[in-house]
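Undergrad: run28.cif is the file, holding mmCIF, C-alpha atoms (C1' of nucleotides):
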data_start
#
loop_
_atom_site.label_atom_id
_atom_site.label_comp_id
_atom_site.auth_asym_id
_atom_site.auth_seq_id
_atom_site.Cartn_x
_atom_site.Cartn_y
_atom_site.Cartn_z
CA MET G 1 76.87 65.80 28.13
CA ALA G 2 79.87 63.49 28.42
CA ALA G 3 82.75 64.48 30.63
CA THR G 4 85.89 64.93 28.58
CA ARG G 5 89.36 64.02 29.70
CA SER G 6 90.27 67.68 30.07
CA GLU G 7 87.21 68.34 32.24
CA ALA G 8 88.27 65.51 34.53
CA ARG G 9 91.75 66.96 34.73
CA LEU G 10 90.28 70.35 35.57
CA ARG G 11 88.26 68.87 38.43
CA ARG G 12 91.41 67.44 39.94
CA ARG G 13 93.20 70.79 39.69
CA SER G 14 90.51 72.96 41.23
CA GLN G 15 87.26 73.06 43.08
CA ALA G 16 84.43 75.47 43.62
CA ALA G 17 84.18 79.07 42.50
CA LEU G 18 85.72 81.46 45.03
CA PRO G 19 83.30 83.32 47.32
CA ARG G 20 82.87 87.07 47.25
CA SER G 21 84.78 87.32 50.55
CA PHE G 22 87.89 86.03 48.76
CA TYR G 23 87.94 89.18 46.60
CA GLU G 24 86.85 91.55 49.35
CA ARG G 25 90.40 91.92 50.73
CA PRO G 26 93.42 94.12 50.00
CA VAL G 27 94.08 93.82 46.28
CA THR G 28 97.72 92.75 46.68
CA VAL G 29 96.61 89.93 48.97
CA VAL G 30 94.10 88.75 46.38
CA ALA G 31 96.64 89.07 43.56
CA ARG G 32 98.97 86.72 45.42
CA ALA G 33 96.17 84.34 46.42
CA LEU G 34 94.96 83.97 42.84
CA ILE G 35 98.24 82.32 41.82
CA GLY G 36 97.41 78.62 41.46
CA CYS G 37 93.69 79.20 40.99
CA VAL G 38 91.94 78.49 37.69
CA LEU G 39 90.41 80.83 35.12
CA ALA G 40 87.77 79.17 32.94
CA HIS G 41 85.53 80.16 30.03
CA GLY G 42 83.53 77.63 28.04
CA ASP G 43 85.64 74.56 27.32
CA CYS G 44 88.91 76.39 27.97
CA ALA G 45 90.69 76.78 31.29
CA GLY G 46 94.12 77.61 32.62
CA LEU G 47 96.08 77.77 35.86
CA ILE G 48 96.71 81.37 36.89
CA VAL G 49 100.49 81.80 37.03
CA GLU G 50 100.89 85.60 36.84
CA THR G 51 98.89 88.55 38.18
CA GLU G 52 99.21 92.25 38.94
CA ALA G 53 97.41 94.39 41.52
CA TYR G 54 95.92 97.81 40.76
CA HIS G 55 94.47 100.17 43.37
CA GLN G 56 92.76 103.56 43.11
CA SER G 57 95.45 105.12 45.32
CA GLU G 58 98.17 104.81 42.64
CA PRO G 59 98.16 106.43 39.18
CA ALA G 60 98.64 103.27 37.11
CA CYS G 61 95.14 102.17 38.10
CA HIS G 62 92.24 103.18 35.89
CA ALA G 63 90.28 103.99 39.06
CA TYR G 64 92.84 106.68 39.96
CA VAL G 65 90.78 109.22 38.01
CA GLY G 66 87.78 108.52 40.19
CA TYR G 67 84.32 107.23 39.41
CA THR G 68 83.45 107.39 35.70
CA GLU G 69 81.38 105.17 33.46
CA ARG G 70 84.48 103.19 32.56
CA THR G 71 85.70 102.79 36.13
CA SER G 72 82.29 102.05 37.61
CA THR G 73 83.06 98.33 37.36
CA LEU G 74 86.21 98.76 39.45
CA PHE G 75 84.27 100.54 42.19
CA GLY G 76 81.51 97.94 42.12
CA PRO G 77 81.13 94.78 44.18
CA PRO G 78 84.16 92.46 44.43
CA GLY G 79 84.19 89.20 42.51
CA LEU G 80 83.09 90.68 39.18
CA ALA G 81 85.11 90.75 35.96
CA TYR G 82 86.57 94.03 34.69
CA VAL G 83 87.40 93.63 31.01
CA TYR G 84 88.63 96.54 28.92
CA ARG G 85 90.25 97.09 25.54
CA SER G 86 93.94 97.82 25.52
CA TYR G 87 95.79 99.54 22.69
CA GLY G 88 92.65 99.26 20.59
CA ILE G 89 93.29 95.59 20.03
CA HIS G 90 93.37 93.40 23.10
CA ALA G 91 90.83 92.62 25.81
CA LEU G 92 92.44 92.50 29.25
CA PHE G 93 90.83 90.52 32.06
CA ASN G 94 90.74 91.61 35.70
CA ALA G 95 88.99 90.49 38.88
CA VAL G 96 87.46 93.34 40.89
CA CYS G 97 88.65 93.40 44.51
CA GLU G 98 88.27 95.22 47.85
CA PRO G 99 84.93 96.31 49.32
CA GLU G 100 82.36 97.98 47.09
CA GLY G 101 83.23 101.66 46.77
CA VAL G 102 86.98 101.01 46.56
CA GLY G 103 88.40 100.93 43.01
CA ALA G 104 90.78 98.00 42.70
CA ALA G 105 91.35 94.92 40.57
CA VAL G 106 93.78 92.11 39.81
CA LEU G 107 94.96 91.83 36.20
CA VAL G 108 95.53 88.22 35.12
CA ARG G 109 98.66 88.24 32.95
CA ALA G 110 99.37 84.59 32.16
CA LEU G 111 97.93 81.08 32.41
CA GLN G 112 99.24 77.56 32.13
CA PRO G 113 96.71 75.89 29.77
CA LEU G 114 94.76 73.08 31.45
CA ALA G 115 91.80 72.40 29.14
CA GLY G 116 90.64 73.26 25.63
CA GLN G 117 94.12 73.64 24.16
CA ALA G 118 92.93 72.72 20.65
CA LEU G 119 90.42 75.57 20.70
CA MET G 120 93.04 77.89 22.16
CA ARG G 121 95.41 77.04 19.30
CA ALA G 122 92.69 77.74 16.76
CA ARG G 123 91.81 81.09 18.32
CA ARG G 124 95.44 82.14 18.74
CA GLY G 125 96.71 80.87 15.41
CA VAL G 126 99.80 79.41 17.04
CA SER G 127 100.66 75.86 18.07
CA ALA G 128 103.25 76.18 20.84
CA GLU G 129 101.59 75.62 24.21
CA LEU G 130 103.94 78.14 25.82
CA ALA G 131 102.63 80.83 23.46
CA LEU G 132 98.90 80.25 24.05
CA CYS G 133 98.32 82.22 27.27
CA SER G 134 101.67 83.87 28.10
CA GLY G 135 100.39 87.44 28.17
CA PRO G 136 97.25 89.34 29.21
CA GLY G 137 96.06 89.87 25.63
CA LYS G 138 96.98 86.34 24.60
CA LEU G 139 95.01 84.61 27.32
CA THR G 140 91.78 86.48 26.62
CA GLN G 141 92.12 85.65 22.93
CA ALA G 142 92.83 81.97 23.76
CA LEU G 143 89.83 81.70 26.12
CA GLY G 144 87.52 83.77 23.95
CA ILE G 145 86.98 86.44 26.63
CA GLU G 146 85.73 89.71 25.12
CA LEU G 147 84.45 93.04 26.38
CA ALA G 148 80.97 91.56 26.80
CA ALA G 149 82.35 89.72 29.85
CA ASN G 150 82.75 93.03 31.72
CA ARG G 151 80.81 92.88 35.00
CA CYS G 152 80.38 89.12 34.71
CA ASP G 153 80.07 87.49 38.16
CA LEU G 154 83.11 85.23 38.46
CA ARG G 155 81.23 82.80 40.70
CA GLU G 156 78.58 82.17 38.08
CA GLY G 157 80.15 82.66 34.69
CA PRO G 158 80.33 82.59 31.80
CA VAL G 159 83.84 83.56 32.89
CA ARG G 160 84.66 81.83 36.16
CA VAL G 161 87.51 81.64 38.68
CA LEU G 162 87.90 78.41 40.64
CA GLY G 163 89.83 77.90 43.87
CA ARG G 164 92.82 75.65 44.30
CA ALA G 165 92.18 71.97 44.89
CA ASP G 166 91.96 70.77 48.47
CA GLY G 167 95.24 69.42 49.73
CA ALA G 168 97.24 71.12 47.01
CA ASP G 169 100.50 72.59 48.27
CA SER G 170 100.54 76.36 48.55
CA PRO G 171 102.38 77.63 45.50
CA ARG G 172 105.65 79.50 45.86
CA VAL G 173 104.91 83.02 44.73
CA ALA G 174 107.47 85.59 43.58
CA ALA G 175 106.91 89.34 43.28
CA GLY G 176 108.36 92.11 41.16
CA PRO G 177 107.50 95.41 39.49
CA ARG G 178 104.50 95.58 37.16
CA ILE G 179 105.03 95.43 33.42
CA GLY G 180 104.25 97.98 30.73
CA ILE G 181 103.27 100.90 32.95
CA THR G 182 104.86 104.32 33.21
CA LYS G 183 103.30 105.50 36.46
CA ALA G 184 103.95 103.96 39.89
CA ALA G 185 106.32 101.56 38.16
CA GLU G 186 108.33 101.00 41.32
CA LEU G 187 105.63 99.14 43.27
CA PRO G 188 106.34 95.37 43.46
CA TRP G 189 102.75 94.46 42.68
CA ARG G 190 103.37 91.77 40.06
CA PHE G 191 103.05 88.19 41.33
CA ALA G 192 104.06 84.95 39.64
CA LEU G 193 104.23 81.23 40.28
CA ALA G 194 107.91 80.67 41.06
CA GLY G 195 109.66 78.71 38.33
CA SER G 196 106.71 78.67 35.93
CA ARG G 197 107.60 78.52 32.24
CA TYR G 198 104.24 80.03 31.27
CA LEU G 199 104.87 83.65 32.34
CA SER G 200 104.54 86.60 30.00
CA ARG G 201 108.11 87.51 30.95
CA PRO G 202 110.59 86.24 33.52
CA LEU G 203 110.69 87.88 36.91
CA PRO G 204 113.68 89.85 38.16
CA ALA G 205 116.12 87.64 40.08
CA SER G 206 115.19 89.31 43.34
CA GLY G 207 111.58 88.23 42.95
CA LEU G 208 111.51 85.46 45.52
CA ALA G 209 113.03 87.63 48.22
CA ARG G 210 110.61 90.43 47.55
CA ALA G 211 107.72 88.01 47.49
CA ARG G 212 107.55 88.14 51.24
CA HIS G 213 105.53 91.24 51.11
CA ALA G 214 103.85 94.06 49.27
CA ARG G 215 101.27 96.68 50.01
"C1'" DC U 1 83.43 117.42 19.34
"C1'" DA U 2 88.76 116.64 18.65
"C1'" DT U 3 92.60 114.84 20.64
"C1'" DG U 4 96.00 111.87 22.85
"C1'" DG U 5 97.38 108.13 25.50
"C1'" DG U 6 97.57 103.54 26.71
"C1'" DA U 7 97.86 97.38 32.23
"C1'" DT U 8 100.00 94.70 24.22
"C1'" DT U 9 101.41 92.00 20.54
"C1'" DG U 10 103.71 90.55 16.42
"C1'" DA U 11 106.37 91.83 12.53
"C1'" DC U 12 110.41 93.73 11.11
"C1'" DT U 13 115.52 96.16 11.14
"C1'" DG Z 1 116.28 96.74 19.38
"C1'" DT Z 2 112.02 99.72 16.85
"C1'" DC Z 3 107.32 100.40 15.48
"C1'" DA Z 4 102.48 100.23 13.80
"C1'" DA Z 5 97.86 98.48 14.51
"C1'" DT Z 6 93.40 100.19 16.31
"C1'" DC Z 7 89.62 101.58 19.72
"C1'" DC Z 8 87.92 103.11 24.03
"C1'" DC Z 9 87.60 106.67 27.00
"C1'" DA Z 10 89.00 110.79 29.81
"C1'" DT Z 11 90.01 115.33 29.09
"C1'" DG Z 12 89.85 119.92 27.29
"C1'" DC Z 13 88.36 123.34 24.03
#
Take the structure in the file and write it out as structure tokens.
TA:
Amino acid sequence: MAATRSEARLRRRSQAALPRSFYERPVTVVARALIGCVLAHGDCAGLIVETEAYHQSEPACHAYVGYTERTSTLFGPPGLAYVYRSYGIHALFNAVCEPEGVGAAVLVRALQPLAGQALMRARRGVSAELALCSGPGKLTQALGIELAANRCDLREGPVRVLGRADGADSPRVAAGPRIGITKAAELPWRFALAGSRYLSRPLPASGLARARHAR
DNA sequence: CATGGGATTGACT
DNA sequence: GTCAATCCCATGC
């Protein structure tokens, strides 16, 4: 199995899969910490540039309704994938957070493609790199992540999340209100890599100032 | 068992 | 800017 150029590039950008303890923290902390990490599936991978936090205590979170078959993943152990179908069409990818028994997850909303761009273009049916993973439904389509990945252990795959490379500068992270929700829309629980061109949408101008804190 | 509402996207006015 | 596509699931009869 020969190492491709993109695999070599990926190794420089990231390292090992994140431990369970990384996810077993307040969900807004994890949402911010995931910026600059890598999401990978098969030959495709991308730098996480945009996330949102969801917690059982607020009504925008699926876990708000309590423990059901659907939300059981959210209440399960941290470090697993929660993948669900949105608007009947798109699969949305989340990383389950907080201790087992607490319903919370980080939605990954956008990636900067790092590897497998040709396959991403084929799956997406578009050529512009900026359009490959600039939205939560787009990135799952580009990486080939489907509902079968629900409950997948992100340390083992097939869908994996890798930590930032050693020595990499801490990314500047901006915060703002979450997108596309009607409930608890005021919480500044959306996080983005400051200045990234790969976001699903730009952040409000006040984003960097608000980045200082949330939760 | 029927119904309604989405953590979206892309096409179209 | 508006709007339909399309399916999963929570809720209520």
Undergrad: With 7 Å as the limit and counting all atoms listed in the file, what residues in chain G lie close to chain U? Please list them as a ChimeraX atom specification.
TA: /G:86-87,90,137,180-181
Undergrad: So which residues touch Leu130 in chain G within 12 Å, counting all atoms listed in the file, skipping near sequence neighbours fewer than 5 positions away, as a list in words?
TA: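 The contact residues come out as Gly46, Ala110, Leu111, Gln112, Pro113, Leu114, Gln117, Met120, Arg121, Arg124, Gly135, Lys138, Leu139, Ala142, Ser196, Arg197, Tyr198, Leu199, Ser200 and Arg201 of chain G.
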Undergrad: For range 9-12 of chain Z, please output as an MDAnalysis selection string all residues within 9 Å (counting all atoms listed in the file; exclusion window: fewer than 2 positions along the same chain).
TA: (chainID G and resid 65 68 70) or (chainID U and resid 3)
Undergrad: Calculate how many Å separate CA of Glu156 in chain G from CA of His41 in chain G, rounding to one decimal.
TA: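 Calculated distance between CA of Glu156 in chain G and CA of His41 in chain G is 10.8 Å.
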Undergrad: Using CA of Pro99 in chain G and CA of Arg32 in chain G as the two end points, give the distance in Å to one decimal.
TA: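 Atom-to-atom, CA of Pro99 in chain G to CA of Arg32 in chain G, that is 17.4 Å.
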Undergrad: Name the residues captured by the PyMOL selection byres ((chain G) within 7 of (chain Z)) when it is applied to the shown file; answer as an MDAnalysis selection string.
TA: chainID G and resid 85 87:89
Undergrad: What gap, in Å, lies between CA of Gly195 in chain G and CA of Glu24 in chain G?
TA: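 Taking CA of Gly195 in chain G as the start and CA of Glu24 in chain G as the end point, the length is 28.4 Å.
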Undergrad: Around (80.7, 86.2, 37.5) in the file's own coordinates, what residues are found within 10 Å if you use only C-alpha atoms (C1' of nucleotides), given back as a PDB file with C-alpha atoms, in the coordinates of the input?
TA:
ATOM      1  CA  ALA G  17      84.180  79.070  42.500  1.00  0.00           C
ATOM      2  CA  PRO G  78      84.160  92.460  44.430  1.00  0.00           C
ATOM      3  CA  GLY G  79      84.190  89.200  42.510  1.00  0.00           C
ATOM      4  CA  LEU G  80      83.090  90.680  39.180  1.00  0.00           C
ATOM      5  CA  ALA G  81      85.110  90.750  35.960  1.00  0.00           C
ATOM      6  CA  ALA G  95      88.990  90.490  38.880  1.00  0.00           C
ATOM      7  CA  ALA G 149      82.350  89.720  29.850  1.00  0.00           C
ATOM      8  CA  ASN G 150      82.750  93.030  31.720  1.00  0.00           C
ATOM      9  CA  ARG G 151      80.810  92.880  35.000  1.00  0.00           C
ATOM     10  CA  CYS G 152      80.380  89.120  34.710  1.00  0.00           C
ATOM     11  CA  ASP G 153      80.070  87.490  38.160  1.00  0.00           C
ATOM     12  CA  LEU G 154      83.110  85.230  38.460  1.00  0.00           C
ATOM     13  CA  ARG G 155      81.230  82.800  40.700  1.00  0.00           C
ATOM     14  CA  GLU G 156      78.580  82.170  38.080  1.00  0.00           C
ATOM     15  CA  GLY G 157      80.150  82.660  34.690  1.00  0.00           C
ATOM     16  CA  PRO G 158      80.330  82.590  31.800  1.00  0.00           C
ATOM     17  CA  VAL G 159      83.840  83.560  32.890  1.00  0.00           C
ATOM     18  CA  ARG G 160      84.660  81.830  36.160  1.00  0.00           C
ATOM     19  CA  VAL G 161      87.510  81.640  38.680  1.00  0.00           C
TER      20      VAL G 161
END
Undergrad: Around all listed atoms of range 2-7 of chain U, padded 3 Å per side, what centre and edge lengths does the axis-aligned box have in Å to one decimal, as JSON?
TA:
{"center_x": 93.3, "center_y": 107.0, "center_z": 25.4, "size_x": 15.1, "size_y": 25.3, "size_z": 19.6}
Undergrad: Evaluate the PyMOL selection byres ((chain G and resi 162) around 7) here and jot the selected residues down as a PDB file with C-alpha atoms, in the coordinates of the input.
TA:
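out.pdb was written with the following content:
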ATOM      1  CA  SER G  14      90.510  72.960  41.230  1.00  0.00           C
ATOM      2  CA  GLN G  15      87.260  73.060  43.080  1.00  0.00           C
ATOM      3  CA  ALA G  16      84.430  75.470  43.620  1.00  0.00           C
ATOM      4  CA  ALA G  17      84.180  79.070  42.500  1.00  0.00           C
ATOM      5  CA  LEU G  18      85.720  81.460  45.030  1.00  0.00           C
ATOM      6  CA  CYS G  37      93.690  79.200  40.990  1.00  0.00           C
ATOM      7  CA  VAL G  38      91.940  78.490  37.690  1.00  0.00           C
ATOM      8  CA  LEU G  39      90.410  80.830  35.120  1.00  0.00           C
ATOM      9  CA  ARG G 160      84.660  81.830  36.160  1.00  0.00           C
ATOM     10  CA  VAL G 161      87.510  81.640  38.680  1.00  0.00           C
ATOM     11  CA  GLY G 163      89.830  77.900  43.870  1.00  0.00           C
ATOM     12  CA  ARG G 164      92.820  75.650  44.300  1.00  0.00           C
TER      13      ARG G 164
END
Undergrad: Once N, CA, C and O atoms are restored for range 20-37 of chain G, what would the output be as a compact mmCIF listing (two decimals), in the coordinates of the input?
TA:
# COMPACT_ATOMS: atom_id res chain seq x y z
N ARG G 20 82.65 85.62 47.34
CA ARG G 20 82.87 87.07 47.25
C ARG G 20 83.89 87.54 48.30
O ARG G 20 84.69 88.44 48.04
N SER G 21 83.86 86.91 49.46
CA SER G 21 84.78 87.32 50.55
C SER G 21 86.25 87.15 50.14
O SER G 21 87.12 87.85 50.65
N PHE G 22 86.52 86.22 49.23
CA PHE G 22 87.89 86.03 48.76
C PHE G 22 88.42 87.32 48.11
O PHE G 22 89.57 87.70 48.29
N TYR G 23 87.55 87.97 47.35
CA TYR G 23 87.94 89.18 46.60
C TYR G 23 87.86 90.44 47.45
O TYR G 23 88.44 91.46 47.10
N GLU G 24 87.10 90.36 48.55
CA GLU G 24 86.85 91.55 49.35
C GLU G 24 87.97 91.76 50.37
O GLU G 24 87.74 91.87 51.57
N ARG G 25 89.20 91.77 49.90
CA ARG G 25 90.40 91.92 50.73
C ARG G 25 91.35 92.86 50.00
O ARG G 25 91.11 93.20 48.84
N PRO G 26 92.44 93.26 50.67
CA PRO G 26 93.42 94.12 50.00
C PRO G 26 93.84 93.51 48.66
O PRO G 26 94.10 92.31 48.58
N VAL G 27 93.91 94.33 47.64
CA VAL G 27 94.08 93.82 46.28
C VAL G 27 95.41 93.08 46.09
O VAL G 27 95.49 92.13 45.30
N THR G 28 96.46 93.48 46.82
CA THR G 28 97.72 92.75 46.68
C THR G 28 97.63 91.36 47.31
O THR G 28 98.26 90.41 46.85
N VAL G 29 96.83 91.23 48.35
CA VAL G 29 96.61 89.93 48.97
C VAL G 29 95.88 89.00 47.99
O VAL G 29 96.23 87.84 47.81
N VAL G 30 94.87 89.55 47.34
CA VAL G 30 94.10 88.75 46.38
C VAL G 30 94.97 88.39 45.17
O VAL G 30 94.92 87.25 44.68
N ALA G 31 95.79 89.34 44.72
CA ALA G 31 96.64 89.07 43.56
C ALA G 31 97.56 87.88 43.83
O ALA G 31 97.76 87.02 42.98
N ARG G 32 98.11 87.84 45.04
CA ARG G 32 98.97 86.72 45.42
C ARG G 32 98.17 85.43 45.57
O ARG G 32 98.60 84.36 45.12
N ALA G 33 96.98 85.53 46.16
CA ALA G 33 96.17 84.34 46.42
C ALA G 33 95.61 83.71 45.15
O ALA G 33 95.27 82.53 45.14
N LEU G 34 95.51 84.51 44.09
CA LEU G 34 94.96 83.97 42.84
C LEU G 34 95.96 83.09 42.10
O LEU G 34 95.58 82.32 41.21
N ILE G 35 97.25 83.19 42.45
CA ILE G 35 98.24 82.32 41.82
C ILE G 35 97.92 80.87 42.20
O ILE G 35 97.78 80.54 43.38
N GLY G 36 97.76 80.01 41.20
CA GLY G 36 97.41 78.62 41.46
C GLY G 36 95.93 78.34 41.36
O GLY G 36 95.51 77.18 41.39
N CYS G 37 95.11 79.38 41.23
CA CYS G 37 93.69 79.20 40.99
C CYS G 37 93.47 79.01 39.49
O CYS G 37 94.42 79.05 38.71
